[in-house]
$ cat data-v1.cif   # mmCIF, C-alpha atoms
data_work
loop_
_atom_site.label_atom_id
_atom_site.label_comp_id
_atom_site.auth_asym_id
_atom_site.auth_seq_id
_atom_site.Cartn_x
_atom_site.Cartn_y
_atom_site.Cartn_z
CA MET A 189 37.01 -31.68 -125.00
CA ARG A 190 40.51 -30.73 -123.84
CA GLU A 191 43.39 -30.96 -126.29
CA GLY A 192 45.83 -33.76 -125.47
CA SER A 193 43.60 -35.65 -123.03
CA LEU A 194 40.22 -37.30 -122.91
CA GLU A 195 40.17 -37.03 -119.12
CA ALA A 196 38.28 -34.35 -117.21
CA PRO A 197 40.41 -31.44 -115.97
CA THR A 198 41.65 -31.89 -112.45
CA ARG A 199 43.47 -29.77 -109.93
CA HIS A 200 46.47 -30.46 -107.73
CA PRO A 201 46.40 -29.60 -104.02
CA LEU A 202 48.08 -26.31 -103.19
CA ASP A 203 51.50 -26.95 -101.62
CA TRP A 204 51.33 -23.70 -99.67
CA LYS A 205 52.94 -25.03 -96.45
CA SER A 206 56.28 -25.90 -98.10
CA GLU A 207 59.17 -23.42 -98.16
CA ALA A 208 59.67 -24.16 -101.88
CA PHE A 209 56.27 -22.60 -102.53
CA TYR A 210 57.67 -19.24 -101.37
CA ASP A 211 61.03 -19.54 -103.18
CA GLU A 212 60.90 -16.52 -105.50
CA ALA A 213 63.55 -17.81 -107.90
CA LYS A 214 61.70 -21.11 -108.38
CA ALA A 215 58.40 -19.28 -108.72
CA PHE A 216 59.87 -17.05 -111.43
CA GLU A 217 61.07 -20.15 -113.30
CA GLU A 218 57.52 -21.47 -113.27
CA LEU A 219 56.11 -18.07 -114.25
CA GLU A 220 58.44 -17.98 -117.25
CA ARG A 221 57.47 -21.54 -118.26
CA VAL A 222 53.74 -20.88 -118.04
CA PHE A 223 53.96 -17.40 -119.59
CA ASP A 224 55.76 -18.95 -122.56
CA ILE A 225 52.94 -21.47 -123.02
CA CYS A 226 50.34 -18.69 -122.74
CA HIS A 227 52.25 -16.55 -125.26
CA GLY A 228 52.22 -19.41 -127.75
CA CYS A 229 48.49 -20.00 -127.30
CA ARG A 230 46.86 -16.60 -126.56
CA ARG A 231 43.41 -18.20 -126.25
CA CYS A 232 42.68 -16.22 -123.07
CA VAL A 233 43.40 -12.77 -124.50
CA ASN A 234 39.77 -11.63 -124.12
CA LEU A 235 39.14 -12.86 -120.56
CA CYS A 236 40.70 -10.13 -118.43
CA THR A 237 43.60 -7.67 -118.41
CA ALA A 238 46.24 -10.11 -117.08
CA PHE A 239 46.75 -11.79 -120.45
CA PRO A 240 46.81 -8.61 -122.58
CA THR A 241 49.35 -7.21 -120.08
CA LEU A 242 51.51 -10.30 -120.56
CA PHE A 243 51.23 -10.30 -124.34
CA ASP A 244 52.01 -6.57 -124.56
CA LEU A 245 55.14 -7.12 -122.45
CA VAL A 246 56.22 -9.91 -124.81
CA ASP A 247 55.41 -8.04 -128.02
CA GLN A 248 57.21 -4.90 -126.86
CA SER A 249 60.34 -6.76 -125.74
CA LYS A 250 63.52 -6.89 -127.82
CA THR A 251 63.16 -10.60 -128.57
CA MET A 252 59.34 -10.55 -128.83
CA GLU A 253 59.46 -13.71 -126.70
CA VAL A 254 59.04 -14.25 -122.97
CA ASP A 255 62.82 -14.37 -122.48
CA GLY A 256 62.91 -10.71 -123.48
CA VAL A 257 60.61 -9.61 -120.65
CA ALA A 258 62.26 -8.30 -117.47
CA LYS A 259 61.52 -10.61 -114.56
CA GLN A 260 60.32 -7.74 -112.37
CA ASP A 261 57.68 -6.97 -115.00
CA TYR A 262 56.09 -10.33 -114.23
CA TRP A 263 54.52 -8.63 -111.22
CA LYS A 264 52.51 -6.43 -113.59
CA VAL A 265 50.76 -9.57 -114.82
CA VAL A 266 50.28 -10.93 -111.31
CA ASP A 267 48.69 -7.69 -110.13
CA GLN A 268 46.15 -7.79 -112.97
CA CYS A 269 44.91 -11.27 -111.99
CA TYR A 270 41.92 -11.33 -109.63
CA LEU A 271 41.63 -15.14 -109.47
CA CYS A 272 38.30 -15.46 -111.30
CA ASP A 273 39.44 -18.95 -112.40
CA MET A 274 37.82 -18.65 -115.83
CA CYS A 275 41.06 -19.27 -117.76
CA TYR A 276 41.44 -22.60 -115.99
CA LEU A 277 37.84 -23.71 -116.31
CA SER A 278 36.76 -22.40 -119.68
CA LYS A 279 39.75 -21.69 -121.91
CA CYS A 280 43.05 -23.38 -121.16
CA PRO A 281 43.66 -26.68 -123.02
CA TYR A 282 46.81 -27.37 -121.00
CA VAL A 283 45.44 -27.84 -117.49
CA PRO A 284 46.18 -31.15 -115.70
CA PRO A 285 46.12 -33.99 -116.57
CA HIS A 286 47.81 -32.47 -119.65
CA PRO A 287 51.58 -32.97 -119.18
CA TRP A 288 52.20 -29.23 -119.42
CA ASN A 289 50.32 -28.90 -116.12
CA VAL A 290 49.21 -25.26 -116.42
CA ASP A 291 47.25 -23.77 -113.51
CA PHE A 292 47.48 -20.05 -114.19
CA PRO A 293 45.26 -18.86 -111.30
CA HIS A 294 47.07 -20.88 -108.65
CA LEU A 295 50.42 -19.78 -110.05
CA MET A 296 49.23 -16.18 -109.65
CA LEU A 297 48.12 -17.06 -106.13
CA ARG A 298 51.60 -18.40 -105.37
CA ALA A 299 53.14 -15.14 -106.60
CA LYS A 300 50.71 -13.10 -104.49
CA ALA A 301 51.60 -15.22 -101.44
CA ILE A 302 55.30 -14.53 -102.03
CA LYS A 303 54.59 -10.81 -102.34
CA PHE A 304 52.58 -10.86 -99.12
CA ARG A 305 55.28 -12.77 -97.21
CA LYS A 306 57.88 -10.23 -98.42
CA GLY A 307 55.81 -7.46 -96.80
CA GLU A 308 55.02 -5.76 -100.11
CA THR A 309 51.23 -5.71 -99.69
CA SER A 310 49.77 -2.24 -99.10
CA PHE A 311 47.82 -1.14 -96.03
CA ARG A 312 44.88 -0.40 -98.35
CA ASP A 313 44.78 -3.96 -99.63
CA LYS A 314 45.07 -5.44 -96.13
CA LEU A 315 42.27 -3.16 -94.94
CA LEU A 316 39.89 -3.98 -97.79
CA SER A 317 40.39 -7.71 -97.26
CA SER A 318 39.54 -7.46 -93.54
CA THR A 319 35.81 -7.75 -94.17
CA ASP A 320 34.85 -8.91 -90.67
CA ALA A 321 36.77 -6.15 -88.92
CA LEU A 322 35.37 -3.47 -91.22
CA GLY A 323 31.86 -4.88 -90.97
CA LYS A 324 31.81 -5.10 -87.18
CA LEU A 325 32.87 -1.46 -86.92
CA ALA A 326 30.90 0.02 -89.78
CA ALA A 327 27.66 -1.82 -88.94
CA ILE A 328 27.34 -0.10 -85.56
CA PRO A 329 24.18 2.03 -86.14
CA VAL A 330 25.70 5.51 -85.70
CA VAL A 331 28.92 4.48 -87.45
CA ALA A 332 26.96 2.95 -90.35
CA GLN A 333 25.10 6.20 -90.95
CA THR A 334 28.36 8.14 -90.93
CA VAL A 335 30.21 5.70 -93.21
CA ASN A 336 27.34 5.61 -95.71
CA ALA A 337 27.15 9.42 -95.75
CA VAL A 338 30.91 9.69 -96.34
CA ASN A 339 30.73 7.14 -99.16
CA ARG A 340 28.11 9.29 -100.90
CA ASN A 341 30.03 12.56 -100.48
CA GLY A 342 32.13 13.63 -103.45
CA LEU A 343 34.71 15.62 -101.47
CA ALA A 344 35.09 12.83 -98.92
CA ARG A 345 35.51 10.27 -101.68
CA SER A 346 38.23 12.36 -103.33
CA ALA A 347 40.04 12.49 -100.01
CA MET A 348 39.57 8.74 -99.60
CA GLU A 349 41.09 8.17 -103.03
CA SER A 350 44.12 10.29 -102.16
CA ALA A 351 44.62 8.66 -98.75
CA LEU A 352 43.69 5.03 -99.43
CA GLY A 353 43.59 4.57 -103.19
CA ILE A 354 39.89 3.69 -103.29
CA HIS A 355 38.55 5.13 -106.53
CA LYS A 356 36.24 8.08 -105.96
CA ASP A 357 33.79 7.03 -108.67
CA ARG A 358 33.25 3.47 -107.48
CA GLU A 359 29.79 3.09 -105.95
CA LEU A 360 30.38 1.31 -102.66
CA PRO A 361 27.83 -0.95 -100.96
CA PRO A 362 26.16 0.55 -97.89
CA TYR A 363 26.57 -0.85 -94.40
CA SER A 364 23.42 -1.91 -92.58
CA PRO A 365 22.91 -0.97 -88.92
CA ALA A 366 20.94 -4.21 -88.46
CA LYS A 367 23.17 -7.25 -89.02
CA PHE A 368 21.58 -10.35 -90.54
CA ARG A 369 22.85 -12.76 -87.90
CA SER A 370 21.44 -10.56 -85.14
CA HIS A 371 17.95 -10.51 -86.63
CA ALA A 372 17.54 -13.87 -88.38
CA ALA A 373 15.49 -16.59 -86.76
CA ALA A 374 15.79 -20.28 -87.56
CA SER A 375 12.63 -22.24 -88.25
CA ALA A 376 11.14 -24.69 -85.83
CA ALA A 377 11.61 -28.35 -86.58
CA LEU A 378 9.46 -29.41 -89.49
CA PRO A 379 8.86 -32.88 -90.89
CA VAL A 380 11.14 -33.87 -93.75
CA LYS A 381 9.29 -35.55 -96.60
CA ASP A 382 10.29 -39.19 -97.04
CA GLY A 383 12.15 -40.11 -100.19
CA ALA A 384 13.96 -36.79 -100.52
CA LYS A 385 17.12 -37.08 -102.63
CA THR A 386 18.39 -33.68 -101.49
CA PRO A 387 19.06 -32.96 -97.81
CA GLY A 388 15.80 -32.00 -96.14
CA LYS A 389 17.30 -29.43 -93.79
CA VAL A 390 19.52 -26.44 -94.37
CA ALA A 391 22.23 -24.56 -92.51
CA ILE A 392 22.94 -20.98 -93.58
CA PHE A 393 26.45 -19.54 -93.73
CA SER A 394 25.41 -15.92 -94.11
CA THR A 395 28.73 -14.41 -95.43
CA CYS A 396 30.24 -11.04 -94.44
CA TYR A 397 28.47 -9.22 -97.24
CA VAL A 398 24.98 -10.39 -96.30
CA ASN A 399 25.65 -10.00 -92.60
CA TYR A 400 26.96 -6.43 -92.79
CA ASN A 401 25.92 -4.90 -96.11
CA GLU A 402 22.71 -6.38 -97.50
CA PRO A 403 21.00 -8.44 -94.77
CA GLY A 404 17.82 -8.41 -96.83
CA ILE A 405 19.33 -11.09 -99.08
CA GLY A 406 19.70 -13.37 -96.07
CA HIS A 407 16.14 -12.67 -94.94
CA ASP A 408 14.95 -13.48 -98.46
CA LEU A 409 16.69 -16.86 -98.25
CA VAL A 410 15.10 -17.55 -94.86
CA ALA A 411 11.66 -16.63 -96.22
CA LEU A 412 12.08 -18.98 -99.19
CA LEU A 413 13.14 -21.86 -96.96
CA ALA A 414 10.25 -21.24 -94.57
CA HIS A 415 7.71 -21.05 -97.41
CA ASN A 416 8.92 -24.39 -98.71
CA GLN A 417 8.84 -25.88 -95.21
CA ILE A 418 12.56 -26.60 -95.18
CA PRO A 419 13.95 -26.57 -91.62
CA HIS A 420 16.91 -24.24 -91.36
CA VAL A 421 19.46 -23.03 -88.83
CA LEU A 422 22.27 -20.51 -88.85
CA ALA A 423 25.83 -21.71 -88.54
CA GLU A 424 26.59 -21.51 -84.84
CA LYS A 425 29.83 -19.63 -85.40
CA GLU A 426 30.91 -17.69 -88.43
CA ALA A 427 33.87 -15.63 -89.66
CA CYS A 428 34.85 -14.45 -93.14
CA CYS A 429 35.09 -17.39 -95.56
CA GLY A 430 38.66 -16.33 -96.38
CA MET A 431 38.31 -15.48 -100.06
CA PRO A 432 39.47 -11.82 -99.67
CA LYS A 433 42.58 -12.98 -97.80
CA LEU A 434 43.19 -15.71 -100.38
CA GLU A 435 43.09 -13.15 -103.19
CA LEU A 436 45.60 -11.08 -101.20
CA GLY A 437 47.96 -14.04 -100.83
CA ASP A 438 47.63 -14.06 -97.03
CA LEU A 439 47.32 -17.83 -96.71
CA GLU A 440 48.05 -17.93 -92.98
CA ALA A 441 45.01 -15.69 -92.42
CA VAL A 442 42.96 -18.07 -94.57
CA ALA A 443 44.07 -20.94 -92.31
CA LYS A 444 43.04 -19.02 -89.19
CA LEU A 445 39.58 -18.31 -90.62
CA LYS A 446 39.26 -21.94 -91.65
CA ALA A 447 39.95 -22.96 -88.05
CA ILE A 448 36.97 -20.85 -86.93
CA ASN A 449 34.52 -21.85 -89.65
CA ILE A 450 35.13 -25.50 -90.43
CA PRO A 451 34.48 -27.23 -87.06
CA PRO A 452 30.89 -25.93 -86.63
CA LEU A 453 30.13 -26.38 -90.32
CA ALA A 454 31.51 -29.93 -90.23
CA LYS A 455 29.15 -30.77 -87.35
CA LEU A 456 26.24 -29.55 -89.47
CA ALA A 457 27.45 -31.53 -92.47
CA GLU A 458 27.77 -34.67 -90.37
CA ALA A 459 24.24 -34.10 -89.04
CA GLY A 460 22.88 -34.17 -92.59
CA TYR A 461 22.42 -30.47 -93.30
CA ALA A 462 22.88 -28.91 -96.70
CA ILE A 463 24.97 -25.76 -96.18
CA LEU A 464 23.93 -22.75 -98.27
CA THR A 465 25.87 -19.54 -98.78
CA PRO A 466 24.19 -16.68 -100.69
CA VAL A 467 27.46 -15.30 -102.17
CA PRO A 468 29.16 -17.40 -104.90
CA SER A 469 32.73 -16.56 -103.86
CA CYS A 470 32.07 -17.90 -100.37
CA THR A 471 30.48 -21.06 -101.75
CA LEU A 472 33.51 -21.57 -104.01
CA MET A 473 35.88 -21.05 -101.10
CA PHE A 474 34.38 -24.04 -99.28
CA LYS A 475 33.84 -26.12 -102.42
CA GLN A 476 37.26 -25.64 -104.01
CA GLU A 477 39.93 -23.48 -102.41
CA LEU A 478 39.90 -24.79 -98.84
CA PRO A 479 39.75 -28.44 -100.00
CA LEU A 480 42.81 -27.77 -102.20
CA MET A 481 44.64 -26.06 -99.35
CA PHE A 482 43.73 -28.79 -96.84
CA PRO A 483 43.29 -31.96 -98.92
CA ASP A 484 43.83 -34.31 -95.96
CA ASP A 485 41.43 -32.56 -93.57
CA ALA A 486 38.33 -34.77 -93.27
CA GLN A 487 36.21 -31.94 -91.85
CA VAL A 488 37.05 -29.67 -94.80
CA GLN A 489 36.08 -32.43 -97.23
CA ALA A 490 32.80 -33.06 -95.35
CA VAL A 491 31.90 -29.38 -95.61
CA ARG A 492 32.78 -29.37 -99.31
CA ALA A 493 30.38 -32.27 -99.93
CA ALA A 494 27.57 -30.54 -98.03
CA MET A 495 28.02 -27.09 -99.61
CA PHE A 496 25.39 -25.85 -102.09
CA ASP A 497 24.70 -22.74 -104.07
CA PRO A 498 21.14 -21.78 -103.02
CA PHE A 499 19.71 -22.18 -106.50
CA GLU A 500 21.58 -25.43 -107.04
CA TYR A 501 19.76 -26.66 -103.94
CA PHE A 502 16.35 -25.26 -104.95
CA VAL A 503 16.49 -26.77 -108.43
CA GLN A 504 17.42 -30.17 -107.03
CA ARG A 505 14.52 -29.93 -104.59
CA ALA A 506 12.23 -29.03 -107.49
CA ARG A 507 13.39 -32.07 -109.44
CA ASP A 508 12.65 -34.19 -106.38
CA GLY A 509 9.11 -32.76 -106.39
CA LEU A 510 9.70 -31.05 -103.06
CA LEU A 511 9.66 -27.36 -103.99
CA LYS A 512 6.48 -25.31 -104.14
CA LYS A 513 5.64 -23.54 -107.38
CA ASP A 514 2.72 -21.46 -106.10
CA PHE A 515 4.07 -18.26 -107.62
CA LYS A 516 1.88 -15.20 -107.21
CA ALA A 517 3.59 -12.65 -109.46
CA GLY A 518 5.58 -12.60 -112.69
CA LEU A 519 8.89 -10.75 -112.77
CA GLY A 520 8.71 -9.24 -116.24
CA LYS A 521 12.05 -8.86 -118.00
CA VAL A 522 15.07 -9.91 -115.99
CA SER A 523 18.64 -9.36 -117.15
CA TYR A 524 20.55 -12.00 -115.23
CA HIS A 525 24.34 -12.14 -114.94
CA ILE A 526 26.21 -15.32 -114.01
CA PRO A 527 29.30 -14.42 -111.95
CA CYS A 528 32.63 -16.13 -112.64
CA HIS A 529 32.65 -17.78 -109.22
CA SER A 530 29.26 -19.31 -109.98
CA ARG A 531 30.36 -20.57 -113.38
CA VAL A 532 33.46 -22.33 -112.08
CA GLN A 533 31.39 -24.38 -109.63
CA ASN A 534 30.26 -26.44 -112.63
CA VAL A 535 26.65 -26.73 -111.48
CA GLY A 536 25.09 -25.25 -114.62
CA GLN A 537 22.74 -22.29 -114.88
CA LYS A 538 20.58 -23.16 -111.90
CA THR A 539 19.54 -19.61 -111.06
CA ARG A 540 18.28 -19.04 -114.59
CA GLU A 541 16.49 -22.39 -114.51
CA MET A 542 14.73 -21.46 -111.26
CA LEU A 543 13.73 -17.97 -112.39
CA GLU A 544 12.33 -19.36 -115.65
CA MET A 545 9.91 -21.47 -113.62
CA VAL A 546 8.11 -18.23 -112.70
CA PRO A 547 5.24 -17.42 -115.10
CA ASP A 548 5.30 -14.12 -117.01
CA THR A 549 9.05 -13.89 -116.66
CA ALA A 550 11.59 -13.47 -119.46
CA VAL A 551 15.22 -14.06 -118.47
CA THR A 552 18.10 -12.76 -120.57
CA THR A 553 21.28 -14.49 -119.41
CA VAL A 554 24.74 -12.91 -119.69
CA GLU A 555 27.62 -15.32 -119.12
CA ARG A 556 30.70 -13.12 -119.03
CA CYS A 557 32.95 -11.55 -116.40
CA ALA A 558 31.61 -8.20 -115.19
CA GLY A 559 35.04 -7.02 -114.07
CA HIS A 560 34.48 -5.96 -110.44
CA ASP A 561 35.97 -9.05 -108.85
CA GLY A 562 35.93 -8.59 -105.09
CA THR A 563 37.97 -5.60 -104.01
CA TRP A 564 39.94 -5.38 -107.28
CA GLY A 565 37.54 -3.02 -109.05
CA VAL A 566 37.40 -0.70 -106.02
CA LYS A 567 41.07 0.20 -106.26
CA ARG A 568 42.17 3.40 -107.96
CA GLU A 569 44.66 1.69 -110.28
CA TYR A 570 42.21 -0.96 -111.51
CA TYR A 571 38.88 0.88 -111.61
CA ALA A 572 39.18 1.88 -115.29
CA ASN A 573 40.10 -1.68 -116.26
CA SER A 574 37.16 -3.06 -114.28
CA MET A 575 34.78 -0.81 -116.19
CA LYS A 576 36.43 -1.74 -119.51
CA ILE A 577 36.11 -5.47 -118.80
CA GLY A 578 32.49 -4.96 -117.81
CA GLY A 579 31.59 -2.90 -120.90
CA PRO A 580 30.18 -5.79 -122.97
CA VAL A 581 28.21 -7.02 -119.94
CA PHE A 582 26.75 -3.57 -119.34
CA ARG A 583 25.55 -3.38 -122.95
CA GLN A 584 24.13 -6.91 -123.00
CA MET A 585 22.31 -6.40 -119.72
CA ALA A 586 20.79 -3.12 -120.89
CA ALA A 587 19.71 -4.38 -124.34
CA PRO A 588 16.33 -5.92 -123.34
CA ALA A 589 15.30 -2.77 -121.40
CA PRO A 590 14.86 -4.96 -118.30
CA ASP A 591 12.67 -4.46 -115.27
CA TYR A 592 15.37 -6.01 -113.09
CA VAL A 593 19.15 -6.35 -113.20
CA SER A 594 20.24 -9.37 -111.21
CA SER A 595 23.39 -11.31 -110.38
CA ASP A 596 24.12 -14.03 -107.84
CA CYS A 597 27.04 -11.82 -106.80
CA PRO A 598 25.51 -8.71 -105.21
CA ILE A 599 28.68 -6.68 -105.72
CA ALA A 600 28.66 -7.53 -109.44
CA GLY A 601 24.99 -6.52 -109.62
CA ARG A 602 25.79 -3.12 -108.15
CA HIS A 603 28.78 -2.72 -110.49
CA ILE A 604 26.67 -3.65 -113.54
CA LEU A 605 23.92 -1.17 -112.71
CA GLN A 606 26.55 1.55 -112.28
CA GLY A 607 28.14 0.63 -115.59
CA MET A 608 24.80 0.63 -117.41
CA GLY A 609 24.22 4.24 -116.36
CA ALA A 610 21.43 5.91 -118.30
CA ASP A 611 21.16 2.83 -120.53
CA GLY A 612 19.73 0.99 -117.55
CA GLY A 613 16.52 2.99 -117.81
CA LYS A 614 14.22 2.21 -114.90
CA ALA A 615 15.75 -1.18 -114.15
CA ALA A 616 16.05 -2.03 -110.47
CA LYS A 617 18.86 -4.09 -108.97
CA ALA A 618 17.62 -7.18 -107.16
CA HIS A 619 19.38 -10.35 -106.06
CA PRO A 620 17.88 -13.56 -107.54
CA LEU A 621 16.79 -14.64 -104.04
CA THR A 622 14.92 -11.34 -103.72
CA LEU A 623 13.27 -11.91 -107.09
CA LEU A 624 12.19 -15.43 -106.16
CA ARG A 625 10.71 -14.19 -102.91
CA LYS A 626 8.82 -11.51 -104.84
CA ALA A 627 7.50 -14.16 -107.25
CA TYR A 628 6.16 -16.17 -104.32
CA GLY A 629 4.46 -13.03 -102.99
CA LEU A 630 6.20 -13.34 -99.61
#

$ encode --input "data-v1.cif" --output "structure tokens"
Amino acid sequence: MREGSLEAPTRHPLDWKSEAFYDEAKAFEELERVFDICHGCRRCVNLCTAFPTLFDLVDQSKTMEVDGVAKQDYWKVVDQCYLCDMCYLSKCPYVPPHPWNVDFPHLMLRAKAIKFRKGETSFRDKLLSSTDALGKLAAIPVVAQTVNAVNRNGLARSAMESALGIHKDRELPPYSPAKFRSHAAASAALPVKDGAKTPGKVAIFSTCYVNYNEPGIGHDLVALLAHNQIPHVLAEKEACCGMPKLELGDLEAVAKLKAINIPPLAKLAEAGYAILTPVPSCTLMFKQELPLMFPDDAQVQAVRAAMFDPFEYFVQRARDGLLKKDFKAGLGKVSYHIPCHSRVQNVGQKTREMLEMVPDTAVTTVERCAGHDGTWGVKREYYANSMKIGGPVFRQMAAPAPDYVSSDCPIAGRHILQGMGADGGKAAKAHPLTLLRKAYGL
């Protein structure tokens, strides 16, 4: 229960089109107001490095209050925030409808948008957030081989760190020469069982990561849908969901990507399809961020209502008696991590629930931020912090001596396995969709 209100927490639309949103002086007034509330509470001190940065600035100031912190030092707090949303959803007692109206993540987003509009965003950050452009280039077969070889070469990585600020020790995901969307086939029309409470047909929004980096995850999803006789199609047209650009503060780029993605997805939603995305950040973008940016856009709201996390969908189908449970193989010990962007969707632990349906499977669930957070943990200046934040997760995931390390976020899974190091033993990294396909024997 939230302090000061018996109502559920809510969220105000993002007023990103108004000039007042980009007024730095007004934004700094709001930063000071919210920072002062956070300083008096300090409940979020263990979530990430944004709050410890703020509290250190306060404690080391002459007044030991927020008014003693130099305004330009506020940017140090903003830069530490990677918009995981966990302070809003799990910690803060002062979110709306509380009269103090604290929305820390969206205040950080406003500050990032101001910084971007001022032209103070680095080339490195713009490059890393251009996932479609990078993917289209790097996924060309010969280019993919070269890029992957460079990413594994110590000398090349040191040069990359010097030139671009991408930390040399961060294990980067490979690029696949065979894109998912180029090699995925939709199923033929299949009968939909009468009485289904969940939509009986699925549209797949594959995401940049699955399309360019790990297409196997997408093929696993297709195999699971086919095995359960769920008709499925690919979204006719697809660009980046916009989350990397949102985290950068480039809201105009988010709007341009929305204009590409929403019309074809809205047609699918209106035709009765459930829309599944195999990466939690992309699902959250369509469920939360775009609806808050475009609250009056009927197509955006239709897509939001049709959007499902894959395991949210599978568990609902199982409860409707429409999901097969003819599992052929147990999975042994699975250390499963729930990413922040899964947790803030408020759908519960559906992936764990689905995996626990598999016989001879023991799931250890870790519900804590792993610290990679999109492109944030790739950057030279934040790599050490990302590993520090992930430390407790690495230890908890390694404790059961698992057969598999798994996370709905494939980047987090890779980060966790790297952080576990030798403590990971012989554990293999596998996405939950991959594990479910293995359990079915497909």

$ residues_around --input "data-v1.cif" --residues "range 243-249 of chain A" --least-positions-apart "6" --cutoff "7 Å" --atoms "all atoms listed in the file" --output "PyMOL selection string"
chain A and resi 227+256-257

$ write_last_selection --input "data-v1.cif" --atoms "C-alpha atoms" --output "tab-separated table (two decimals), in the frame of the given file"
chain	number	residue	atom	x	y	z
A	227	HIS	CA	52.25	-16.55	-125.26
A	256	GLY	CA	62.91	-10.71	-123.48
A	257	VAL	CA	60.61	-9.61	-120.65

$ residues_around --input "data-v1.cif" --residues "range 510-519 of chain A" --least-positions-apart "3" --cutoff "8 Å" --atoms "all atoms listed in the file" --output "ChimeraX atom specification"
/A:381,384,416,502,505-507,522,545-550,591,623,626-629

$ closest_residue --input "data-v1.cif" --among "A:Arg602, A:Lys214, A:Arg298, A:Lys617" --to "Gly437 in chain A" --atoms "all atoms listed in the file"
A:Arg298

$ atom_distance --input "data-v1.cif" --atom1 "CA of Ala372 in chain A" --atom2 "CA of His407 in chain A"
6.8 Å

$ resolve_selection --input "data-v1.cif" --expression "the PyMOL selection byres ((chain A and resi 321-329) around 7)" --output "CSV table (one decimal) with C-alpha atoms, in the frame of the given file"
chain,number,residue,atom,x,y,z
A,318,SER,CA,39.5,-7.5,-93.5
A,319,THR,CA,35.8,-7.8,-94.2
A,320,ASP,CA,34.8,-8.9,-90.7
A,330,VAL,CA,25.7,5.5,-85.7
A,331,VAL,CA,28.9,4.5,-87.4
A,332,ALA,CA,27.0,3.0,-90.4
A,333,GLN,CA,25.1,6.2,-91.0
A,335,VAL,CA,30.2,5.7,-93.2
A,363,TYR,CA,26.6,-0.8,-94.4
A,364,SER,CA,23.4,-1.9,-92.6
A,365,PRO,CA,22.9,-1.0,-88.9
A,400,TYR,CA,27.0,-6.4,-92.8

$ atom_distance --input "data-v1.cif" --atom1 "CA of His619 in chain A" --atom2 "CA of Pro598 in chain A"
6.4 Å

$ residues_around --input "data-v1.cif" --residues "Met274 in chain A" --least-positions-apart "3" --cutoff "9 Å" --atoms "only C-alpha atoms" --output "short mmCIF file (atom, residue, chain, number, x, y, z; two decimals) with C-alpha atoms, in the coordinates of the input"
data_model
loop_
_atom_site.label_atom_id
_atom_site.label_comp_id
_atom_site.auth_asym_id
_atom_site.auth_seq_id
_atom_site.Cartn_x
_atom_site.Cartn_y
_atom_site.Cartn_z
CA LEU A 235 39.14 -12.86 -120.56
CA LEU A 271 41.63 -15.14 -109.47
CA LEU A 277 37.84 -23.71 -116.31
CA SER A 278 36.76 -22.40 -119.68
CA LYS A 279 39.75 -21.69 -121.91
CA CYS A 280 43.05 -23.38 -121.16
CA PRO A 293 45.26 -18.86 -111.30
CA CYS A 528 32.63 -16.13 -112.64
CA HIS A 529 32.65 -17.78 -109.22
CA ARG A 531 30.36 -20.57 -113.38
CA VAL A 532 33.46 -22.33 -112.08
CA CYS A 557 32.95 -11.55 -116.40
#

$ resolve_selection --input "data-v1.cif" --expression "the PyMOL selection byres ((chain A and resi 299) around 12)" --output "PyMOL selection string"
chain A and resi 204+209-219+260+262-269+271+292-298+300-306+308-309+434-439

$ write_last_selection --input "data-v1.cif" --atoms "C-alpha atoms" --output "tab-separated table (two decimals), keeping the file's coordinate frame"
chain	number	residue	atom	x	y	z
A	204	TRP	CA	51.33	-23.70	-99.67
A	209	PHE	CA	56.27	-22.60	-102.53
A	210	TYR	CA	57.67	-19.24	-101.37
A	211	ASP	CA	61.03	-19.54	-103.18
A	212	GLU	CA	60.90	-16.52	-105.50
A	213	ALA	CA	63.55	-17.81	-107.90
A	214	LYS	CA	61.70	-21.11	-108.38
A	215	ALA	CA	58.40	-19.28	-108.72
A	216	PHE	CA	59.87	-17.05	-111.43
A	217	GLU	CA	61.07	-20.15	-113.30
A	218	GLU	CA	57.52	-21.47	-113.27
A	219	LEU	CA	56.11	-18.07	-114.25
A	260	GLN	CA	60.32	-7.74	-112.37
A	262	TYR	CA	56.09	-10.33	-114.23
A	263	TRP	CA	54.52	-8.63	-111.22
A	264	LYS	CA	52.51	-6.43	-113.59
A	265	VAL	CA	50.76	-9.57	-114.82
A	266	VAL	CA	50.28	-10.93	-111.31
A	267	ASP	CA	48.69	-7.69	-110.13
A	268	GLN	CA	46.15	-7.79	-112.97
A	269	CYS	CA	44.91	-11.27	-111.99
A	271	LEU	CA	41.63	-15.14	-109.47
A	292	PHE	CA	47.48	-20.05	-114.19
A	293	PRO	CA	45.26	-18.86	-111.30
A	294	HIS	CA	47.07	-20.88	-108.65
A	295	LEU	CA	50.42	-19.78	-110.05
A	296	MET	CA	49.23	-16.18	-109.65
A	297	LEU	CA	48.12	-17.06	-106.13
A	298	ARG	CA	51.60	-18.40	-105.37
A	300	LYS	CA	50.71	-13.10	-104.49
A	301	ALA	CA	51.60	-15.22	-101.44
A	302	ILE	CA	55.30	-14.53	-102.03
A	303	LYS	CA	54.59	-10.81	-102.34
A	304	PHE	CA	52.58	-10.86	-99.12
A	305	ARG	CA	55.28	-12.77	-97.21
A	306	LYS	CA	57.88	-10.23	-98.42
A	308	GLU	CA	55.02	-5.76	-100.11
A	309	THR	CA	51.23	-5.71	-99.69
A	434	LEU	CA	43.19	-15.71	-100.38
A	435	GLU	CA	43.09	-13.15	-103.19
A	436	LEU	CA	45.60	-11.08	-101.20
A	437	GLY	CA	47.96	-14.04	-100.83
A	438	ASP	CA	47.63	-14.06	-97.03
A	439	LEU	CA	47.32	-17.83	-96.71
